[in-house]
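I have placed the structure first, in the form of structure tokens, so that the comments after it can refer back to it.
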Number of protein chains: 6
Amino acid sequence: MASGRVAYLNGDFVPETEAKITLFDSQNHVGDMVHENTRTYGHRPFKLREHMERLYNSMAVVEIDCGLTLEQLEEVTLDLLNRNEHTLAPEEDCFFIHDVSRGPHEYYAEAFPEGLGPTIGIYLWPLTSILAKRAKEYDSGVNAVIPRQRHVPARFIDPKVKSRSRLHYQMAELEMKRWGPDAWAILLDEDGFLTEGTASNFFLVKDGTVLLPEPRNILRGVTRQTVIEMAEKTGIAFVEKNLEPYDAMTADEAFFTTTSIFMMPATRFNDRPIGDGEVGPIYRRLANAFIESIGVDFIEQARVCAERLGVNEKGA
Amino acid sequence: MASGRVAYLNGDFVPETEAKITLFDSQNHVGDMVHENTRTYGHRPFKLREHMERLYNSMAVVEIDCGLTLEQLEEVTLDLLNRNEHTLAPEEDCFFIHDVSRGPHEYYAEAFPEGLGPTIGIYLWPLTSILAKRAKEYDSGVNAVIPRQRHVPARFIDPKVKSRSRLHYQMAELEMKRWGPDAWAILLDEDGFLTEGTASNFFLVKDGTVLLPEPRNILRGVTRQTVIEMAEKTGIAFVEKNLEPYDAMTADEAFFTTTSIFMMPATRFNDRPIGDGEVGPIYRRLANAFIESIGVDFIEQARVCAERLGVNEKGA
Amino acid sequence: MASGRVAYLNGDFVPETEAKITLFDSQNHVGDMVHENTRTYGHRPFKLREHMERLYNSMAVVEIDCGLTLEQLEEVTLDLLNRNEHTLAPEEDCFFIHDVSRGPHEYYAEAFPEGLGPTIGIYLWPLTSILAKRAKEYDSGVNAVIPRQRHVPARFIDPKVKSRSRLHYQMAELEMKRWGPDAWAILLDEDGFLTEGTASNFFLVKDGTVLLPEPRNILRGVTRQTVIEMAEKTGIAFVEKNLEPYDAMTADEAFFTTTSIFMMPATRFNDRPIGDGEVGPIYRRLANAFIESIGVDFIEQARVCAERLGVNEKGA
Amino acid sequence: MASGRVAYLNGDFVPETEAKITLFDSQNHVGDMVHENTRTYGHRPFKLREHMERLYNSMAVVEIDCGLTLEQLEEVTLDLLNRNEHTLAPEEDCFFIHDVSRGPHEYYAEAFPEGLGPTIGIYLWPLTSILAKRAKEYDSGVNAVIPRQRHVPARFIDPKVKSRSRLHYQMAELEMKRWGPDAWAILLDEDGFLTEGTASNFFLVKDGTVLLPEPRNILRGVTRQTVIEMAEKTGIAFVEKNLEPYDAMTADEAFFTTTSIFMMPATRFNDRPIGDGEVGPIYRRLANAFIESIGVDFIEQARVCAERLGVNEKGA
Amino acid sequence: MASGRVAYLNGDFVPETEAKITLFDSQNHVGDMVHENTRTYGHRPFKLREHMERLYNSMAVVEIDCGLTLEQLEEVTLDLLNRNEHTLAPEEDCFFIHDVSRGPHEYYAEAFPEGLGPTIGIYLWPLTSILAKRAKEYDSGVNAVIPRQRHVPARFIDPKVKSRSRLHYQMAELEMKRWGPDAWAILLDEDGFLTEGTASNFFLVKDGTVLLPEPRNILRGVTRQTVIEMAEKTGIAFVEKNLEPYDAMTADEAFFTTTSIFMMPATRFNDRPIGDGEVGPIYRRLANAFIESIGVDFIEQARVCAERLGVNEKGA
Amino acid sequence: MASGRVAYLNGDFVPETEAKITLFDSQNHVGDMVHENTRTYGHRPFKLREHMERLYNSMAVVEIDCGLTLEQLEEVTLDLLNRNEHTLAPEEDCFFIHDVSRGPHEYYAEAFPEGLGPTIGIYLWPLTSILAKRAKEYDSGVNAVIPRQRHVPARFIDPKVKSRSRLHYQMAELEMKRWGPDAWAILLDEDGFLTEGTASNFFLVKDGTVLLPEPRNILRGVTRQTVIEMAEKTGIAFVEKNLEPYDAMTADEAFFTTTSIFMMPATRFNDRPIGDGEVGPIYRRLANAFIESIGVDFIEQARVCAERLGVNEKGA
């Protein structure tokens, strides 16, 4: 591969094509790993510290000791970014992934005479194609769809721990393929409350107030927290509460947040328009507040990506 | 590594140390894969067909097309076994793992100019060290312990699909470490019914009848089915029903089944003796029926392994 | 019938005795309809707009298009009221019902050569006899009783959509008949939280604060909202939270709200006194605030009705 | 309307176009009614007695006394059939509906000077157009689809009582419209078990055994019972048990039963083939056993209806 | 007191009026005790061994070691019976209670210089007044009533362990007082299934088959087991399954079993007749089978008791 | 016994060794009683009024009338304290217990010719040995451990009513014995939320805010309320919300409250450190605020007790 990108793997920087893990690794056994997904704005990582803190919380819960301090891992991350920055166009940003597993399973100890230990993999990837695909949706909004797949309640597998035991996300995604390319899943929990998307948080707006699901059966997203900060900054009220499909059906606006996309408006809910079916004013105010604070117009950036890649209106 | 073993990876046979998958693989993303675990008795795979049928059922549910027919995959498996047989001692058996993922995530399509597609990995491993560790427990029985971690109900992630989204198993295992080396987890479901171990099925015996949890919140184990067949063969009654801790506390016998270990007696439940605290007669009859039918004394085999490796009474 | 009242039925004003719908109508099939219940104070509809907005939300959820805009339906309603006003005594008020169904079921299309389409029925009825029955209870308070029938959780049938699929209400009412004429059902949800009456909302008062069930497993009543406004107006604190029978058993006051009755004090809970068993001061302050704002003393109105009809103390 | 058909309404036989009920009827208030749906084979009602027994059970539960004995109502039904038989072609069959409500709500007593009392409506309708629509599906099978709408658990509203409080059925039907004309809903209960369709029972076949959901969160269908009898007659094993989507995904066959359609094969489950995707042998044996016993080939009858009405392959 | 009866208390036989336990006993703290209730027929204890086995199971679960073997406790019991037999009339029987607690709480060790240890109390009581009160009900049957109080699910407090943590029974009993003297509570579990009475098991009869709740959320009664044996003996079919109120409302017969009363017919369910509202033939056959096997006519015995005590028809 | 202490029993003051209740008492039958636990600071009862109010609420719920007014019972309590004060060293405090049962069960009426009626028992006990055992833990903090035993949901047995039906507490305590002497149980409810200890409330501290479980599945502790008052007094924010194990695992501090111990820091959670594993600053501020307000240094008091009794570091 000619990308020129390198990845970090257990202490080494290797070409990304060589960043591979053995089939004997514990993460292939019982999903025994945790991870993070961070992105850059203007080539600088956004809230890397918050992501690292969450990663270390996740490691604590599943009792993996990665062998590095938080500060060391942060440093490695910045080093990795530095080594790859020349592969990014100036207007191009990237996301990077931290994967930390317990390492090769003890069953196979004999195959690892150098000893067992955690596996740390970090790699980055330009956001260009991902953003390009979504560029039009910043204008039209997506279709928030409730799949029949329910979210796993936190008392069984806690979504606040960002792990890879997420087959239910994949099952929800498979359903979405039947609903069309702009369908984004919003999963219900066992009580019928709105939780989150398959890697995103969900928000409603009603009568000028931003409504968020309680941070219980969801990942407590760094981007979610950023939107709360933008609400505080712009004087928009927000409330965390149990939200139901009825609330979405009678809302004025809705949107998703993800690390990569930041804020994506949802203008339909199960194929029916939310409010007047247009991207709403609260979304715009929050988005603009963020653009101002970060100095990168993430919507414009997506349009540029789309143009560059020649992506058409359908996102294909 | 000098093991001489080879693994199968996407059409090729490679040294097992080179059987690696890229970090970009979908199975590292949302646990988007399924697998099987089969073993040999006397160097012949046991019920390979049943394992392959379950694997293809699993693939159907998660909508992965591995590109091979069941028969082709079976043939590949036998070929792999053949290529590795010389590495096994005559009295030594092995298990082998089939891992099938959706392949590299479409996000990273650009890094795979040859195109995306499923990842099939198959590898085998001698049972010697695993059996050696458990040899003494065939005599003493293990301690079946209920962890506070509950099983994920089937309506969220179906345990009948053998996937890697099993962080809850790992969490239960972490609890077991606090209970001692012979503690085997037996997870409760949300209703408080006994389900299964972290990779095993569980049985009780009461008044001469074998009691099994309903095949609902469990993997429908091939070994479990084999024990049912042995019960039929030896005229021992068996019933599938909802079982509770009270049933275990007042049972006469209990045991686990797994592919590798076959049947492991449990002589304690949460540290307290089951029945008279000894391995029971129904266990012995079922085990003997199997030994007779398969021609391999799996308990004796474990003792031989332990002797060979010099494993002591504590299994360490 | 000599009432002189007319009803609205699919575009026509007809004598109320002729306001009938075919057995083939979809609302007789699967309860496939929504409705509203509004009342007048001083011959003017109270918060008609809020009721119409809820009706249109209900129609959106069940995907019935009634063929009229909200404004048109409002106009029809006022017209209907106008045509009937002469039948009301000056001091007499009425309620009116909007019933909107999907119309005749498509099975029977052949029987409707003019084509299928929604059924809109609107009729009104004087409040006199209903108020007369309850007049004494404004003084004595009613007995709030928990029936064994639980409320249907919102994720199955959402009570926020005012539909006719309410057999569980009827079952609760049948239980109440065994408790006596002043028993009002207050249903628990599956978690044991207080929800609502069979067509009413429920409130507690504790240490001067008004406590309301979270607006989740209940209809979000227009009258309920009015009481919140009266609390705001009079400086009485109020909190929406999960309430339990224990809270009712240890409350200082309790009351129900309905469109027809406005606020009805509950002085007993499962036959035992609430607080000192008397109508409480917070109830009186809220009731008075409303009387002042609307210009109609609803309690006095009930007494007048009772006198006129010669209803005795037992409400019979 | 020129159908010539008459309906029964509270003691009278009236033209079906005049079979109307007042808006004041209790069944329009809280779905306060029960009903039955029976059909004829060769102009004779099929298991009318069983339907009437279930109707009287339903009335007992909701405490409606219809004023007639079971035998009287049966007689009225046969009389009604007799009066309408001349409207049916010789090869044409019909279904008939019994609707029994508590009658006008006591609120409106004054409008019914003749007194309050139950409303009994019975009407019939030729099966021709309904069967015609489904004719092709007897050959191709339908698509059994799980909607996101869950079934209301029996402890809230018992589906064994055939009432009209079925908005959740309508919500499921609305989802099906998005899946295509041959999608039939099969609802899950809160535990994720398969229950029933929106007016049908559901069956699986696995390894030659017919599997039925436990008769708990379903209507105990008269046709369902008939299929059990056909299984007994033909020596096909059947078991009632908790069934899950996994069971449907790995089944050999599936089918629905309804009064009108009798048995409809389902050859897909959530768009994926069941077994080999063809109508299966067990279905055919059961269907043939019934055809033999009743003397009417219900599949052929549907084809005749389709031809007569010129219905095309899509059922439109 | 002049009863002349003695009780057993921690090794001693004392007059029953002196059989007292300190307030410091652990059973007064967290209900930390287990017990049994056995009765005599013709002055001989009935199935004492089965009761003692259950008691020892209960002690094992709560980890109380009473210091005596099962055989020793049995012997003590027979001794106690022997010492009291002279106080019973020849035709009079009695029940006796075994109470075993963990003894004084360790907090208060200092108050027990002789050391801490379990408290064993056994006392007996003539059945005369209890039977007398129920005599008429053997003829008329009782009213089985579902209280709003639900049974505690077994995963929280297991009803199979006969403990004193039964406040929910008392709450159900308080409700029954409002329903009249012949109301017997039959509690629902969280799923809406019938479980048991407040110290009794419950049975239905439908189409000649005896139906029992699954032995899950109930005490597995010794009398319940006896009725199963009588069914086997008389060739009456019986099935354990999940039973619902609908099953009771449409049953032919129903009855309760308790140690003292043996079998009590229930002829009403929530005030409505079960079947024809009379004691049914299956009840009679089972009762007669027991009378024959035990040699005591328990119904006649109750009548004799009533006569002796002059109890009137109302049981008061 | 030479303690010299007297207890109150049904109107009399008796030596505590003679404070005994008959085996026939209803509290030995179905846990049919309620109670309170109050303590002194400097020989004066702390918030006796609040404890008495809760006791009277408990009695109202279970419908026990103790025959005394709240004020009378308070007076009796102070009298009892007065009579016992001479037995306490000046620096020594005590707790006292109010036990109120329904009295002897009506079954045994004949044994109580003086008539049936409630049993009121009140006794006190010096805190010395209890505090001595815990003295070191005020410095080191305890280990908050989640047992597999879940809390009984309030809709089955309400923990807000302080009753003795608490076998689940005892079961949790038995588990704790396996975790070591400093393990304190913190029970989860059925939803996986943190509730309370076996006789204590639980608190977290995160980012300077005190977090409390919602007062739903817990006793609403008087000490808990006192801590809230201390937070208000010292300007520390506090929030009642649903808390999960994840919140405890990522908290900065944690502590328990009980009547006897007041506030006990928890420095570990399931064996892993909370925050830095040390007693935290918010704990200290709240404790100091209380010490200042009450004039007794409860931590120092425990140290004195330990010294006096010569208790070592392990609390043994």
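Each chain in the structure tokens gets a letter, A, B, ..., in the order shown, and its residues are numbered from 1; ligands are numbered from 1 in order too.
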
key: Counting only C-alpha atoms, chain F residues within 9 Å of chain C, as an MDAnalysis selection string   = chainID F and resid 57 60:61 153:156 158 160:161 216

ask   = Which polymer residues have any atom within 10 Å of an atom of B:Arg303, counting only C-alpha atoms, with same-chain residues fewer than 4 positions away left out, as JSON, numbers by chain?
value = {"B": [128, 131, 132, 133, 134, 135, 136, 138, 298, 299, 307, 308, 309, 311]}

Export, as an mmCIF file, in the first residue's frame, the selected residues with N, CA, C and O atoms.
```
data_model
loop_
_atom_site.group_PDB
_atom_site.id
_atom_site.type_symbol
_atom_site.label_atom_id
_atom_site.label_comp_id
_atom_site.auth_asym_id
_atom_site.auth_seq_id
_atom_site.Cartn_x
_atom_site.Cartn_y
_atom_site.Cartn_z
ATOM 1 N N THR B 128 -3.043 -30.680 25.199
ATOM 2 C CA THR B 128 -2.230 -31.190 26.307
ATOM 3 C C THR B 128 -2.217 -30.291 27.543
ATOM 4 O O THR B 128 -2.560 -30.723 28.650
ATOM 5 N N LEU B 131 -5.770 -29.829 29.176
ATOM 6 C CA LEU B 131 -6.226 -31.020 29.896
ATOM 7 C C LEU B 131 -5.387 -31.263 31.143
ATOM 8 O O LEU B 131 -5.911 -31.655 32.199
ATOM 9 N N ALA B 132 -4.092 -31.022 31.031
ATOM 10 C CA ALA B 132 -3.199 -31.255 32.169
ATOM 11 C C ALA B 132 -3.652 -30.454 33.379
ATOM 12 O O ALA B 132 -3.693 -30.942 34.510
ATOM 13 N N LYS B 133 -4.010 -29.206 33.116
ATOM 14 C CA LYS B 133 -4.449 -28.317 34.202
ATOM 15 C C LYS B 133 -5.693 -28.830 34.897
ATOM 16 O O LYS B 133 -5.938 -28.540 36.054
ATOM 17 N N ARG B 134 -6.538 -29.518 34.149
ATOM 18 C CA ARG B 134 -7.832 -29.922 34.689
ATOM 19 C C ARG B 134 -7.856 -31.368 35.185
ATOM 20 O O ARG B 134 -8.882 -31.828 35.708
ATOM 21 N N ALA B 135 -6.727 -32.076 35.005
ATOM 22 C CA ALA B 135 -6.725 -33.521 35.254
ATOM 23 C C ALA B 135 -7.253 -33.874 36.646
ATOM 24 O O ALA B 135 -8.122 -34.737 36.817
ATOM 25 N N LYS B 136 -6.731 -33.177 37.667
ATOM 26 C CA LYS B 136 -7.124 -33.497 39.040
ATOM 27 C C LYS B 136 -8.607 -33.227 39.274
ATOM 28 O O LYS B 136 -9.252 -33.850 40.106
ATOM 29 N N TYR B 138 -11.092 -33.762 37.418
ATOM 30 C CA TYR B 138 -11.992 -34.859 37.059
ATOM 31 C C TYR B 138 -12.272 -35.733 38.293
ATOM 32 O O TYR B 138 -13.327 -36.357 38.396
ATOM 33 N N PHE B 298 -11.251 -39.958 28.080
ATOM 34 C CA PHE B 298 -10.838 -38.547 28.169
ATOM 35 C C PHE B 298 -10.282 -38.192 29.540
ATOM 36 O O PHE B 298 -9.473 -37.270 29.660
ATOM 37 N N ILE B 299 -10.689 -38.917 30.565
ATOM 38 C CA ILE B 299 -10.181 -38.616 31.908
ATOM 39 C C ILE B 299 -8.745 -39.143 32.038
ATOM 40 O O ILE B 299 -7.856 -38.437 32.516
ATOM 41 N N GLU B 307 0.765 -35.768 33.751
ATOM 42 C CA GLU B 307 2.031 -36.432 34.062
ATOM 43 C C GLU B 307 3.141 -35.933 33.145
ATOM 44 O O GLU B 307 4.221 -35.582 33.581
ATOM 45 N N ARG B 308 2.816 -35.921 31.879
ATOM 46 C CA ARG B 308 3.806 -35.502 30.877
ATOM 47 C C ARG B 308 4.312 -34.096 31.175
ATOM 48 O O ARG B 308 5.488 -33.799 31.057
ATOM 49 N N LEU B 309 3.400 -33.219 31.570
ATOM 50 C CA LEU B 309 3.811 -31.834 31.818
ATOM 51 C C LEU B 309 4.207 -31.604 33.270
ATOM 52 O O LEU B 309 4.612 -30.488 33.631
ATOM 53 N N VAL B 311 2.284 -31.464 35.901
ATOM 54 C CA VAL B 311 1.380 -30.538 36.578
ATOM 55 C C VAL B 311 1.022 -31.099 37.953
ATOM 56 O O VAL B 311 0.738 -32.286 38.092
#
```

task = Using only C-alpha atoms, pick whichever of D:Gly115, D:Pro126, D:Gly197, D:Gly121 has the shortest atom-to-atom distance to C:Asn28.
result = D:Gly121

request  = Using DSSP on the backbone coordinates, identify all residues within stretch 20-83 of chain B classified as helix (DSSP H, G or I); present the result as a PyMOL selection string.
outcome  = chain B and resi 26-28+48-62+70-83

key: Surrounding residues of C:Asp32 excluding itself and chain neighbours under 6 positions, 9 Å, only C-alpha atoms, as a list in words   = Asp25, Ser26, Val62, Val100, Ser101, Arg102, Gly103, Ser163, Arg164 and Ser165 of chain C; Arg164, Ser165, Arg166, Leu167 and Gln170 of chain D

message = Show me, as number ranges by chain, the residues that have an atom within 10 Å of E:Leu55 when counting only C-alpha atoms, minus same-chain residues fewer than 3 positions from it.
response = E: 34-37, 49-52, 58-61, 70, 98-100, 161-163

task = as a list in words, list the residues of stretch 92-198 of chain D assigned to strand (DSSP E or B) by DSSP on the backbone atoms of this structure.
result = Cys94, Phe95, Phe96, Ile97, His98, Asp99, Val100, Ser101, Pro104, Thr119, Ile120, Gly121, Ile122, Tyr123, Leu124, Trp125, Pro126, Val142, Asn143, Ala144, Val145, Ser163, Ala183, Trp184, Ala185, Leu188, Leu194 and Glu196 of chain D

query = Quick one, how far is atom CA of E:Asn270 from atom CA of E:Val145?
reply = 4.6 Å

inquiry  = What's around stretch 147-151 of chain B at 6 Å? Count only C-alpha atoms, leave out sequence neighbours fewer than 2 positions away in its own chain, and write the answer as a PyMOL selection string.
reply    = (chain B and resi 172+187-189) or (chain F and resi 148)

Residues within 12 Å of B:Arg5, please, as a PDB file with C-alpha atoms, in the first residue's frame. Count only C-alpha atoms; anything in the same chain fewer than 5 positions from it doesn't count.
```pdb
ATOM      1  CA  ALA A 111       3.487 -19.810  21.347  1.00  0.00           C
TER       2      ALA A 111
ATOM      3  CA  PHE B  13      -1.863 -22.352   4.846  1.00  0.00           C
ATOM      4  CA  VAL B  14       0.647 -20.339   6.800  1.00  0.00           C
ATOM      5  CA  PRO B  15       2.800 -20.960   9.862  1.00  0.00           C
ATOM      6  CA  GLU B  16       0.611 -20.292  12.871  1.00  0.00           C
ATOM      7  CA  THR B  17       2.856 -17.439  13.972  1.00  0.00           C
ATOM      8  CA  GLU B  18       1.998 -15.663  10.748  1.00  0.00           C
ATOM      9  CA  ALA B  19      -1.746 -16.136  11.100  1.00  0.00           C
ATOM     10  CA  LEU B  80      -5.595 -28.451   7.853  1.00  0.00           C
ATOM     11  CA  LEU B  81      -5.806 -31.279  10.328  1.00  0.00           C
ATOM     12  CA  ASN B  82      -3.906 -33.514   7.966  1.00  0.00           C
ATOM     13  CA  ARG B  83      -1.112 -31.001   7.511  1.00  0.00           C
ATOM     14  CA  ASN B  84      -0.706 -30.698  11.275  1.00  0.00           C
ATOM     15  CA  GLU B  85      -1.204 -34.257  12.403  1.00  0.00           C
ATOM     16  CA  HIS B  86       2.536 -34.932  12.446  1.00  0.00           C
ATOM     17  CA  THR B  87       2.908 -32.335  15.214  1.00  0.00           C
ATOM     18  CA  LEU B  88       0.664 -34.266  17.577  1.00  0.00           C
ATOM     19  CA  CYS B  94      -6.203 -31.025  19.682  1.00  0.00           C
ATOM     20  CA  PHE B  96      -9.383 -26.211  16.350  1.00  0.00           C
ATOM     21  CA  ILE B 122      -8.700 -21.700  11.160  1.00  0.00           C
ATOM     22  CA  TYR B 123      -6.056 -22.884  13.544  1.00  0.00           C
ATOM     23  CA  LEU B 124      -5.530 -25.798  15.844  1.00  0.00           C
ATOM     24  CA  TRP B 125      -3.861 -26.257  19.178  1.00  0.00           C
ATOM     25  CA  PRO B 126      -2.885 -29.331  21.176  1.00  0.00           C
TER      26      PRO B 126
END
```

query = At what distance in Å, to one decimal, does atom CA of C:Gly117 lie from atom CA of C:Asp12?
reply = 15.0 Å

Residues within 8 Å of A:Pro215, only C-alpha atoms, excluding chain neighbours under 4 positions, as a VMD selection string = chain A and resid 219 to 220 240

Using N, CA, C and O atoms, can you write the selected residues to a file as a short mmCIF file (atom, residue, chain, number, x, y, z; two decimals), in the first residue's frame?
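To be explicit, this is the file written out as result.cif:
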```cif
data_model
loop_
_atom_site.label_atom_id
_atom_site.label_comp_id
_atom_site.auth_asym_id
_atom_site.auth_seq_id
_atom_site.Cartn_x
_atom_site.Cartn_y
_atom_site.Cartn_z
N LEU A 219 -23.07 5.33 25.70
CA LEU A 219 -21.72 5.83 25.90
C LEU A 219 -21.84 7.31 26.25
O LEU A 219 -22.61 8.04 25.62
N ARG A 220 -21.05 7.72 27.24
CA ARG A 220 -21.06 9.14 27.60
C ARG A 220 -20.07 9.85 26.67
O ARG A 220 -18.90 10.04 26.99
N GLU A 240 -31.32 16.32 30.72
CA GLU A 240 -31.17 14.88 30.56
C GLU A 240 -32.39 14.20 31.14
O GLU A 240 -32.73 14.42 32.30
#
```

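Our summary of the geometry notes that atom CA of A:Ala248 is positioned 28.2 Å from atom CA of F:Pro213.
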